[in-house]
>>> print(open('work_18.txt').read())   # compact mmCIF, C-alpha atoms
# COMPACT_ATOMS: atom_id res chain seq x y z
CA MET H 719 116.71 -38.00 151.83
CA SER H 720 116.37 -41.32 149.91
CA LEU H 721 113.40 -43.61 149.97
CA SER H 722 115.32 -46.32 151.79
CA GLU H 723 116.23 -43.92 154.60
CA ASN H 724 112.58 -42.94 155.03
CA GLN H 725 111.67 -46.51 155.24
CA HIS H 726 114.33 -47.12 157.79
CA ASP H 727 113.05 -44.31 160.00
CA ASN H 728 109.47 -45.42 159.52
CA PRO H 729 109.59 -49.21 159.57
CA GLN H 730 105.88 -49.60 159.60
CA GLY H 731 105.75 -47.72 156.38
CA GLN H 732 103.41 -45.10 157.75
CA HIS H 733 103.21 -41.68 156.13
CA PRO H 734 104.52 -38.77 158.26
CA HIS H 735 101.40 -36.72 157.89
CA SER H 736 99.37 -39.54 159.16
CA ALA H 737 101.51 -39.64 162.32
CA LEU H 738 100.96 -35.94 163.04
CA ALA H 739 97.31 -36.47 162.51
CA ASP H 740 97.36 -39.02 165.30
CA VAL H 741 98.73 -36.39 167.92
CA PRO H 742 95.86 -35.09 170.06
CA PRO H 743 95.34 -31.24 170.11
CA PRO H 744 96.26 -29.27 173.32
CA SER H 745 93.51 -28.80 175.83
CA PRO H 746 92.02 -25.30 176.55
CA GLN H 747 93.32 -25.41 180.11
CA ARG H 748 96.84 -25.91 178.84
CA LEU H 749 96.50 -23.06 176.41
CA ARG H 750 95.16 -20.83 179.17
CA ARG H 751 98.08 -21.66 181.40
CA VAL H 752 100.53 -20.94 178.62
CA GLY H 753 98.85 -17.60 177.92
CA ILE H 754 98.97 -16.63 181.58
CA ILE H 755 102.62 -17.52 181.77
CA VAL H 756 103.36 -15.49 178.67
CA ALA H 757 101.38 -12.54 180.04
CA ILE H 758 103.17 -12.72 183.38
CA VAL H 759 106.53 -12.83 181.63
CA ALA H 760 105.53 -9.85 179.50
CA VAL H 761 104.38 -7.90 182.57
CA LEU H 762 107.58 -8.73 184.41
CA VAL H 763 109.61 -7.64 181.44
CA ALA H 764 107.64 -4.39 181.23
CA ILE H 765 107.96 -3.78 184.97
CA ALA H 766 111.67 -4.45 184.83
CA GLY H 767 112.03 -2.05 181.93
CA ILE H 768 109.98 0.63 183.67
CA GLY H 769 111.97 0.15 186.89
CA ILE H 770 115.26 0.36 185.11
CA ARG H 771 114.16 3.50 183.30
CA TRP H 772 112.82 5.04 186.55
CA MET H 773 116.06 4.31 188.31
CA HIS H 774 117.99 5.83 185.44
CA GLU H 775 115.73 8.91 185.46
CA ARG H 776 116.15 9.16 189.24
CA ASP H 777 119.91 8.96 188.94
CA VAL H 778 119.89 11.54 186.19
CA ARG H 779 117.58 13.82 188.21
CA GLN H 780 119.79 13.51 191.29
CA TRP H 781 122.88 14.13 189.22
CA THR H 782 121.27 17.15 187.55
CA THR H 783 120.16 18.51 190.93
CA ALA H 784 123.64 18.01 192.29
CA ARG H 785 125.09 19.80 189.30
CA ALA H 786 122.64 22.69 189.75
CA THR H 787 123.51 23.10 193.47
CA PRO H 788 126.48 25.48 193.98
CA VAL H 789 129.61 23.74 195.08
CA VAL H 790 131.43 25.74 197.75
CA SER H 791 134.22 25.44 200.27
CA VAL H 792 134.00 26.91 203.75
CA MET H 793 136.46 28.24 206.32
CA THR H 794 136.35 29.66 209.82
CA PRO H 795 137.42 33.31 210.39
CA GLY H 796 140.87 33.87 211.81
CA GLN H 797 141.66 35.97 214.83
CA GLY H 798 142.27 39.67 214.27
CA VAL H 799 145.72 41.17 214.33
CA SER H 800 146.87 41.67 217.91
CA GLY H 801 147.75 45.28 218.62
CA GLN H 802 146.35 47.33 215.77
CA GLN H 803 148.82 49.40 213.78
CA THR H 804 147.21 52.43 212.17
CA THR H 805 149.41 54.58 209.93
CA LEU H 806 148.40 58.17 209.15
CA PRO H 807 150.24 61.13 207.59
CA GLY H 808 151.48 63.76 210.02
CA ASN H 809 153.02 67.22 209.90
CA ILE H 810 155.87 68.15 212.24
CA GLN H 811 155.99 71.72 213.52
CA ALA H 812 158.29 73.54 215.93
CA TRP H 813 157.40 73.95 219.57
CA TYR H 814 157.32 77.72 218.97
CA GLU H 815 157.84 79.46 215.65
CA ALA H 816 157.68 83.22 215.10
CA PRO H 817 158.12 85.36 211.99
CA LEU H 818 159.93 88.63 212.77
CA TYR H 819 158.74 91.85 211.10
CA ALA H 820 159.94 95.44 211.35
CA ARG H 821 158.13 97.80 213.73
CA VAL H 822 159.91 100.86 212.26
CA SER H 823 160.57 101.92 208.69
CA GLY H 824 164.04 102.54 207.39
CA TYR H 825 166.95 100.71 205.80
CA LEU H 826 168.63 97.54 207.03
CA LYS H 827 171.89 98.69 208.53
CA LYS H 828 173.37 95.24 209.26
CA TRP H 829 172.36 91.66 209.99
CA TYR H 830 174.33 89.52 212.45
CA GLU H 831 172.82 86.01 212.26
CA ASP H 832 171.98 83.98 209.17
CA TYR H 833 169.54 81.09 208.77
CA GLY H 834 170.66 77.93 210.56
CA ALA H 835 172.15 79.91 213.45
CA HIS H 836 171.28 78.81 216.98
CA VAL H 837 170.40 81.94 218.96
CA LYS H 838 169.44 82.84 222.52
CA LYS H 839 166.53 84.95 223.68
CA GLY H 840 167.28 88.67 223.18
CA GLN H 841 170.25 88.03 220.89
CA LEU H 842 170.69 90.74 218.23
CA LEU H 843 169.82 89.58 214.73
CA ALA H 844 169.87 92.86 212.74
CA GLU H 845 169.75 96.65 213.03
CA ILE H 846 167.63 99.12 211.09
CA ASP H 847 168.74 102.65 210.23
CA ALA H 848 165.69 104.92 210.71
CA PRO H 849 166.66 108.62 210.25
CA ASP H 850 163.02 109.77 210.24
CA LEU H 851 162.45 108.14 213.60
CA ASP H 852 165.64 109.66 214.97
CA ALA H 853 164.47 113.12 213.87
CA GLU H 854 161.06 112.64 215.43
CA LEU H 855 162.72 111.51 218.65
CA ALA H 856 164.95 114.61 218.73
CA ALA H 857 161.96 116.86 218.06
CA ALA H 858 159.98 115.18 220.83
CA GLN H 859 162.84 115.70 223.24
CA ALA H 860 163.02 119.40 222.35
CA THR H 861 159.27 119.78 222.72
CA LEU H 862 159.42 118.16 226.11
CA ARG H 863 162.18 120.48 227.28
CA ALA H 864 160.16 123.51 226.10
CA ALA H 865 157.10 122.24 227.91
CA GLU H 866 159.08 121.73 231.09
CA ALA H 867 160.38 125.31 230.83
CA GLN H 868 156.83 126.55 230.35
CA VAL H 869 155.84 124.71 233.51
CA LYS H 870 158.42 126.68 235.47
CA VAL H 871 157.07 129.97 234.06
CA ARG H 872 153.51 129.00 234.92
CA GLU H 873 154.63 127.91 238.35
CA ALA H 874 156.18 131.34 239.03
CA GLU H 875 153.08 133.11 237.77
CA THR H 876 150.91 130.96 239.99
CA GLU H 877 153.05 131.66 243.04
CA PHE H 878 152.90 135.44 242.43
CA ALA H 879 149.12 135.33 241.95
CA ARG H 880 148.72 133.31 245.12
CA THR H 881 150.72 135.71 247.32
CA THR H 882 148.96 138.75 245.82
CA TYR H 883 145.57 137.25 246.48
CA GLU H 884 146.54 136.35 250.04
CA ARG H 885 147.64 140.00 250.74
CA TRP H 886 144.41 141.41 249.36
CA ARG H 887 142.39 138.80 251.16
CA ASP H 888 144.03 139.50 254.54
CA SER H 889 144.00 143.28 254.23
CA PRO H 890 141.99 145.21 256.88
CA LYS H 891 138.47 145.85 256.02
CA GLY H 892 137.99 149.05 254.13
CA VAL H 893 141.59 149.26 252.81
CA VAL H 894 140.74 147.43 249.56
CA SER H 895 137.44 147.06 247.90
CA GLU H 896 135.64 143.75 247.65
CA GLN H 897 135.80 143.92 243.88
CA GLU H 898 139.58 144.16 243.90
CA ARG H 899 139.77 141.24 246.32
CA GLU H 900 137.64 139.08 243.98
CA SER H 901 139.76 140.15 240.99
CA LYS H 902 142.96 138.96 242.71
CA LYS H 903 141.27 135.72 243.55
CA ALA H 904 140.34 135.19 239.89
CA ASP H 905 143.91 135.97 238.81
CA PHE H 906 145.18 133.31 241.16
CA ALA H 907 142.72 130.73 239.83
CA THR H 908 143.70 131.57 236.24
CA ALA H 909 147.41 131.21 237.00
CA SER H 910 146.75 127.85 238.71
CA ALA H 911 144.86 126.62 235.63
CA ARG H 912 147.70 127.66 233.33
CA TYR H 913 150.15 125.88 235.59
CA ASN H 914 148.09 122.68 235.51
CA SER H 915 147.77 122.95 231.74
CA ALA H 916 151.52 123.27 231.41
CA ILE H 917 151.99 120.16 233.54
CA ALA H 918 149.52 118.29 231.29
CA ASP H 919 151.48 119.39 228.23
CA VAL H 920 154.64 118.03 229.78
CA ARG H 921 152.99 114.70 230.44
CA SER H 922 151.68 114.56 226.87
CA ASP H 923 155.05 115.40 225.42
CA GLN H 924 156.62 112.82 227.73
CA GLY H 925 154.23 110.21 226.34
CA VAL H 926 155.21 111.06 222.78
CA LEU H 927 158.85 110.82 223.75
CA ASP H 928 158.32 107.47 225.45
CA ARG H 929 156.54 106.09 222.37
CA LEU H 930 159.33 107.21 220.07
CA SER H 931 161.93 105.88 222.48
CA ALA H 932 160.16 102.53 222.45
CA LEU H 933 160.13 102.54 218.65
CA GLU H 934 163.80 103.39 218.76
CA GLN H 935 164.35 100.05 220.51
CA PHE H 936 162.68 98.28 217.57
CA LYS H 937 165.55 99.35 215.37
CA ARG H 938 167.20 96.29 216.91
CA ILE H 939 165.76 92.97 215.68
CA VAL H 940 166.30 90.42 218.46
CA ALA H 941 165.40 86.75 218.94
CA PRO H 942 162.15 86.31 220.90
CA PHE H 943 163.28 82.97 222.43
CA ASP H 944 165.99 80.36 222.25
CA GLY H 945 165.89 78.60 218.92
CA VAL H 946 167.13 78.35 215.37
CA VAL H 947 166.94 81.00 212.64
CA THR H 948 165.04 79.15 209.90
CA ALA H 949 164.73 82.06 207.44
CA ARG H 950 166.37 85.39 206.57
CA THR H 951 164.60 87.29 203.79
CA THR H 952 166.40 90.64 203.90
CA ASP H 953 169.85 92.05 203.29
CA VAL H 954 171.93 95.14 204.00
CA GLY H 955 170.52 98.27 202.39
CA ASN H 956 167.01 96.89 201.83
CA LEU H 957 164.16 99.30 202.36
CA ILE H 958 162.24 98.20 205.45
CA ASN H 959 158.56 99.02 205.86
CA ALA H 960 156.92 98.68 209.23
CA GLY H 961 154.10 96.18 209.44
CA SER H 962 153.15 92.60 210.25
CA GLY H 963 152.74 91.36 206.69
CA SER H 964 149.30 89.96 207.43
CA GLY H 965 147.91 91.22 204.13
CA THR H 966 148.80 89.95 200.68
CA SER H 967 150.63 93.19 199.87
CA GLY H 968 152.12 93.71 203.33
CA PRO H 969 155.83 93.89 204.02
CA PRO H 970 157.70 90.56 204.08
CA GLN H 971 159.13 89.01 207.19
CA LEU H 972 162.76 89.71 208.01
CA PHE H 973 163.58 86.55 209.97
CA ARG H 974 161.88 83.41 211.23
CA VAL H 975 162.95 81.79 214.47
CA ALA H 976 161.84 78.34 215.67
CA ASP H 977 162.15 76.71 219.07
CA VAL H 978 162.97 73.05 218.25
CA HIS H 979 163.88 71.62 221.64
CA GLU H 980 160.59 69.69 221.39
CA MET H 981 158.35 69.23 218.35
CA ARG H 982 154.62 69.17 217.80
CA VAL H 983 153.17 66.58 215.41
CA PHE H 984 149.71 67.22 213.98
CA VAL H 985 147.65 64.34 212.58
CA GLN H 986 144.15 64.23 211.14
CA VAL H 987 142.60 61.02 212.53
CA PRO H 988 139.49 59.62 210.75
CA GLN H 989 136.28 59.82 212.72
CA GLU H 990 135.92 56.03 213.01
CA LEU H 991 139.23 55.86 214.93
CA SER H 992 138.77 59.03 216.99
CA ALA H 993 137.25 57.18 219.96
CA GLN H 994 140.48 55.19 220.42
CA ILE H 995 142.69 58.30 220.61
CA HIS H 996 143.45 59.52 224.13
CA ASN H 997 146.12 61.49 225.96
CA GLY H 998 149.23 59.44 226.60
CA LEU H 999 148.75 57.15 223.57
CA THR H 1000 152.14 56.37 222.03
CA ALA H 1001 153.06 56.42 218.36
CA ASP H 1002 156.10 55.88 216.14
CA LEU H 1003 157.28 58.44 213.60
CA ASP H 1004 158.88 57.35 210.32
CA LEU H 1005 160.63 60.08 208.32
CA PRO H 1006 161.71 59.66 204.68
CA GLN H 1007 165.16 61.15 205.37
CA TYR H 1008 165.80 58.66 208.19
CA PRO H 1009 164.61 55.29 206.79
CA ASP H 1010 166.48 53.26 209.41
CA ARG H 1011 165.34 55.19 212.46
CA THR H 1012 162.04 55.49 214.35
CA PHE H 1013 161.13 58.44 216.58
CA LYS H 1014 158.77 58.24 219.54
CA ALA H 1015 155.82 60.58 220.10
CA THR H 1016 152.99 60.83 222.62
CA VAL H 1017 149.47 62.19 222.20
CA ALA H 1018 149.24 65.45 224.17
CA THR H 1019 145.80 66.79 223.23
CA THR H 1020 143.08 66.77 220.59
CA SER H 1021 140.79 69.41 219.17
CA GLU H 1022 137.80 67.66 220.81
CA ALA H 1023 135.82 68.36 217.63
CA ILE H 1024 135.36 66.64 214.28
CA ASN H 1025 136.22 68.65 211.17
CA GLU H 1026 132.97 68.78 209.19
CA ALA H 1027 134.74 69.06 205.84
CA ALA H 1028 137.13 66.11 206.30
CA ARG H 1029 135.35 64.21 209.13
CA THR H 1030 138.63 63.96 211.00
CA LEU H 1031 139.88 64.73 214.51
CA LEU H 1032 142.94 66.98 214.87
CA VAL H 1033 145.43 65.27 217.18
CA GLU H 1034 148.59 66.88 218.57
CA LEU H 1035 151.54 64.73 219.62
CA HIS H 1036 154.78 65.80 221.28
CA ALA H 1037 158.18 64.39 220.32
CA ASP H 1038 161.50 65.05 222.03
CA ASN H 1039 164.18 66.58 219.79
CA THR H 1040 167.32 66.65 221.88
CA ASP H 1041 169.43 65.59 218.89
CA ASN H 1042 167.85 68.24 216.59
CA LEU H 1043 167.02 65.69 213.88
CA LEU H 1044 163.35 66.64 213.66
CA GLN H 1045 162.78 69.74 211.56
CA PRO H 1046 159.75 72.03 211.23
CA GLY H 1047 157.60 71.35 208.20
CA THR H 1048 158.67 67.70 207.93
CA TYR H 1049 156.25 65.04 206.67
CA ALA H 1050 156.05 61.94 208.85
CA GLU H 1051 154.18 58.64 208.87
CA VAL H 1052 152.59 58.29 212.29
CA HIS H 1053 152.03 54.71 213.48
CA PHE H 1054 149.52 54.65 216.33
CA HIS H 1055 149.58 51.72 218.77
CA LEU H 1056 145.86 51.09 219.24
CA ALA H 1057 144.40 48.45 221.54
CA SER H 1058 143.25 45.27 219.79
CA ASN H 1059 139.54 44.54 219.41
CA PRO H 1060 138.72 41.08 220.84
CA ASN H 1061 135.59 40.83 218.66
CA MET H 1062 137.46 41.48 215.43
CA VAL H 1063 138.14 38.60 213.02
CA ARG H 1064 139.99 38.27 209.73
CA ILE H 1065 138.74 36.68 206.49
CA PRO H 1066 140.01 36.51 202.90
CA THR H 1067 138.91 39.33 200.64
CA SER H 1068 137.53 36.71 198.22
CA ALA H 1069 134.79 35.91 200.75
CA LEU H 1070 133.24 39.40 200.48
CA VAL H 1071 129.96 39.87 198.62
CA PHE H 1072 129.23 43.30 197.11
CA ARG H 1073 125.48 43.90 196.99
CA GLU H 1074 123.09 46.85 196.98
CA GLN H 1075 122.54 46.34 200.70
CA GLY H 1076 126.24 46.93 201.34
CA MET H 1077 129.15 44.66 202.18
CA GLN H 1078 128.07 41.11 203.04
CA VAL H 1079 129.55 37.69 203.77
CA ALA H 1080 127.98 34.31 202.92
CA ILE H 1081 127.63 32.00 205.94
CA LEU H 1082 126.87 28.27 205.86
CA GLY H 1083 123.71 27.80 207.92
CA LYS H 1084 121.57 24.86 208.99
CA GLY H 1085 120.79 22.24 206.39
CA ASP H 1086 123.63 23.46 204.16
CA ARG H 1087 121.67 26.61 203.41
CA ALA H 1088 123.49 29.86 202.62
CA GLU H 1089 122.92 32.98 204.69
CA LEU H 1090 124.08 36.45 203.60
CA ARG H 1091 125.11 38.52 206.59
CA PRO H 1092 126.03 42.25 206.59
CA VAL H 1093 129.46 43.05 208.02
CA LYS H 1094 131.49 46.12 208.92
CA LEU H 1095 135.04 46.08 207.65
CA GLY H 1096 138.21 47.40 209.23
CA ARG H 1097 141.65 47.61 207.70
CA ASN H 1098 142.58 46.04 204.38
CA LEU H 1099 145.51 43.67 205.01
CA GLY H 1100 146.08 42.76 201.36
CA THR H 1101 144.72 39.26 200.78
CA ASP H 1102 142.79 39.47 204.06
CA VAL H 1103 140.48 42.05 205.55
CA GLU H 1104 139.47 42.80 209.11
CA VAL H 1105 135.79 42.40 210.06
CA LEU H 1106 134.84 44.64 212.97
CA SER H 1107 131.30 43.34 213.42
CA GLY H 1108 128.92 40.80 211.87
CA LEU H 1109 131.04 37.65 212.26
CA THR H 1110 132.22 35.42 215.09
CA PRO H 1111 135.11 32.95 215.16
CA LEU H 1112 132.57 30.08 215.15
CA ASP H 1113 130.87 31.06 211.86
CA ARG H 1114 131.54 28.98 208.74
CA VAL H 1115 132.29 31.42 205.96
CA ILE H 1116 131.83 30.45 202.31
CA GLU H 1117 134.93 31.22 200.29
CA SER H 1118 134.46 32.80 196.85
CA PRO H 1119 130.63 32.58 196.87
CA PRO H 1120 128.85 32.64 193.47
CA ASP H 1121 127.43 35.98 192.39
CA SER H 1122 123.92 34.49 192.18
CA LEU H 1123 123.98 33.09 195.73
CA SER H 1124 121.10 34.27 197.91
CA THR H 1125 119.95 33.63 201.46
CA GLY H 1126 118.29 30.19 201.74
CA ASP H 1127 120.01 28.67 198.68
CA LEU H 1128 121.17 25.07 199.08
CA VAL H 1129 124.90 24.54 198.64
CA ARG H 1130 127.23 21.55 198.62
CA VAL H 1131 130.39 21.73 200.68
CA ILE H 1132 133.51 20.12 199.26
CA ASP H 1133 137.05 19.79 200.45
CA ALA H 1134 138.49 18.08 197.35
CA PRO H 1135 140.85 19.96 195.03
CA ALA H 1136 140.16 20.50 191.37
CA SER H 1137 140.02 17.30 189.32
CA GLU H 1138 142.01 16.56 186.17
CA ASP H 1139 139.39 18.03 183.86
CA GLY H 1140 139.53 21.31 185.78
CA ARG H 1141 136.19 20.95 187.57
CA LEU H 1142 135.71 20.58 191.30
CA ALA H 1143 134.96 16.96 192.23
CA ALA H 1144 131.32 16.94 193.29
CA LYS H 1145 130.29 14.52 195.99
CA GLY H 1146 127.10 12.58 195.31
CA ALA H 1147 127.34 12.48 191.46
CA PRO H 1148 125.87 9.25 190.07
CA PRO H 1149 128.43 6.63 188.99
CA GLY H 1150 129.06 6.70 185.29
CA ALA H 1151 127.12 9.93 184.83
CA GLY H 1152 128.50 11.83 181.93
CA THR H 1153 128.69 15.51 181.38
CA PRO H 1154 125.26 16.81 180.35
>>> encode(input="work_18.txt", output="structure tokens")
Amino acid sequence: MSLSENQHDNPQGQHPHSALADVPPPSPQRLRRVGIIVAIVAVLVAIAGIGIRWMHERDVRQWTTARATPVVSVMTPGQGVSGQQTTLPGNIQAWYEAPLYARVSGYLKKWYEDYGAHVKKGQLLAEIDAPDLDAELAAAQATLRAAEAQVKVREAETEFARTTYERWRDSPKGVVSEQERESKKADFATASARYNSAIADVRSDQGVLDRLSALEQFKRIVAPFDGVVTARTTDVGNLINAGSGSGTSGPPQLFRVADVHEMRVFVQVPQELSAQIHNGLTADLDLPQYPDRTFKATVATTSEAINEAARTLLVELHADNTDNLLQPGTYAEVHFHLASNPNMVRIPTSALVFREQGMQVAILGKGDRAELRPVKLGRNLGTDVEVLSGLTPLDRVIESPPDSLSTGDLVRVIDAPASEDGRLAAKGAPPGAGTP
């Protein structure tokens, strides 16, 4: 700045420093007021900073707590399946089935009916040629005839001894001695004993002949009842040994005949279902060879005892077989029509919790607290499972509970689907909170 300009601003020609020297200094009261104002401003600024930081820490703490609380979704159990369908393997057997064995030894002379033949009771199936038996029968007949002839001889001897004794007994006193009379009496008794012995021999020989005659009838193999010949294990000329074949080395069966007018179906029912099985309960039979047809059966009886090895109840069902489609030895799937359980509910298998205490389900309790409840399961329906006890239709079940969830843990319930970043949208997260 030039000298003329300074003069223009300061027309009196005073020096600037002299003008500042003329300004009076601030009073102590003014300085005190200014200091108080500055202090108050500083305190307010500090309080505002602390408040902002506290609010931020609170938001972060709430957000962290919300992130640490499990996020779950809940559902109510569905009603159980109406009319339970229980499928168990079954074995179909004939109403009657009998293996036929030879009662006499010999050679098969001829067979008349092959397997698959429908036969009537008493119908001839085969004949056995038994020359040894025939010879024994002829010998027994000859022995019997000889015994009968001996009876006639003993009868004549007895009659002679009786008349002799009677003459000596009735003779006048003194004509014969007492000793001779007693001797004739003894002869009569001896003859009577021989006669009785001969009669006993005849009866014994008759018994032998009857036994051999009965065995002679067993040379004919006949059907024991109306049915179907299901097996023929012999042929003409085969050596036949008498026996039942009960042992491992016994003779084989000759034929097997089955009565198939009605069939028996045997099923092993698990113990947990045994209480629902009763006489008259209906069931459907599915056979592999008839995929498009279902057969009806009815429970007739049970063993009334649980098998200790398998823990099952043996159940017998009866099925009509008028069309002869059911065959002995057939495997069948037996579908029982059991009454529905009104207390049974259905939940997804993902809601189950496997713990040391057994099968459990997580329930949403008061205050959004989890509760682990033991349950008893029924049938596995694929994605769902039946719960027989432990749940009610009013319970709120946690779907897919975390493995670390315990009773009393706080949870957050959501209904929102997964967000774009793949995480479930959590309600209550602070605005603008980033991922920790």
>>> closest_residue(input="work_18.txt", among="H:Ala856, H:Ala941, H:Ala909, H:His1053", to="Asp923 of chain H", atoms="all atoms listed in the file")
H:Ala856
>>> residues_around(input="work_18.txt", residues="Leu991 of chain H", least_positions_apart="2", cutoff="10 Å", atoms="only C-alpha atoms", output="JSON, numbers by chain")
{"H": [804, 987, 988, 989, 993, 994, 995, 1030, 1031, 1056]}
>>> atom_distance(input="work_18.txt", atom1="atom CA of Arg1130 of chain H", atom2="atom CA of Lys1084 of chain H")
12.3 Å
>>> residues_around(input="work_18.txt", residues="Arg885 of chain H", least_positions_apart="5", cutoff="10 Å", atoms="only C-alpha atoms", output="MDAnalysis selection string")
chainID H and resid 880 890 899 902
>>> residues_around(input="work_18.txt", residues="Ala835 of chain H", least_positions_apart="4", cutoff="10 Å", atoms="all atoms listed in the file", output="list in words")
Tyr830, Glu831, Gly945, Val946, Val947, Thr948, Ala949 and Val975 of chain H
>>> atom_distance(input="work_18.txt", atom1="atom CA of Asn1042 of chain H", atom2="atom CA of Asp977 of chain H")
10.5 Å
>>> closest_residue(input="work_18.txt", among="H:Met793, H:Leu806, H:Met1077, H:Val822", to="Ala960 of chain H", atoms="only C-alpha atoms")
H:Val822
>>> residues_around(input="work_18.txt", residues="segment 816-821 of chain H", least_positions_apart="2", cutoff="7 Å", atoms="all atoms listed in the file", output="MDAnalysis selection string")
chainID H and resid 814 823 936 958:962 971:976
>>> closest_residue(input="work_18.txt", among="H:Leu933, H:Ala858, H:Met981, H:Leu957", to="Glu815 of chain H", atoms="only C-alpha atoms")
H:Met981
>>> residues_near_point(input="work_18.txt", point="(170.4, 96.0, 202.2)", cutoff="9 Å", atoms="all atoms listed in the file", output="PyMOL selection string")
chain H and resi 825-828+952-957
>>> closest_residue(input="work_18.txt", among="H:Ala867, H:Val1093, H:Val983, H:Val940", to="Thr1019 of chain H", atoms="only C-alpha atoms")
H:Val983
>>> closest_residue(input="work_18.txt", among="H:Arg1114, H:Ser1021, H:Asn809, H:Ile1065", to="Asp1004 of chain H", atoms="all atoms listed in the file")
H:Asn809
>>> atom_distance(input="work_18.txt", atom1="atom CA of Asp888 of chain H", atom2="atom CA of Ala904 of chain H")
15.7 Å
>>> residues_around(input="work_18.txt", residues="Ile939 of chain H", least_positions_apart="4", cutoff="8 Å", atoms="all atoms listed in the file", output="list in words")
Leu818, Ala820, Leu842, Leu843, Ala844, Glu845 and Ile846 of chain H
>>> residues_near_point(input="work_18.txt", point="(138.7, 39.7, 206.5)", cutoff="10 Å", atoms="only C-alpha atoms", output="number ranges by chain")
H: 795-798, 1062-1070, 1079, 1093-1106, 1109
>>> closest_residue(input="work_18.txt", among="H:Pro1006, H:Pro849, H:Pro1092, H:Gly769", to="Val1071 of chain H", atoms="only C-alpha atoms")
H:Pro1092
>>> axis_aligned_box(input="work_18.txt", around="segment 890-902 of chain H", padding_each_side="4 Å", output="lines of an AutoDock Vina configuration file")
center_x = 139.3
center_y = 144.1
center_z = 248.9
size_x = 15.3
size_y = 18.3
size_z = 23.9
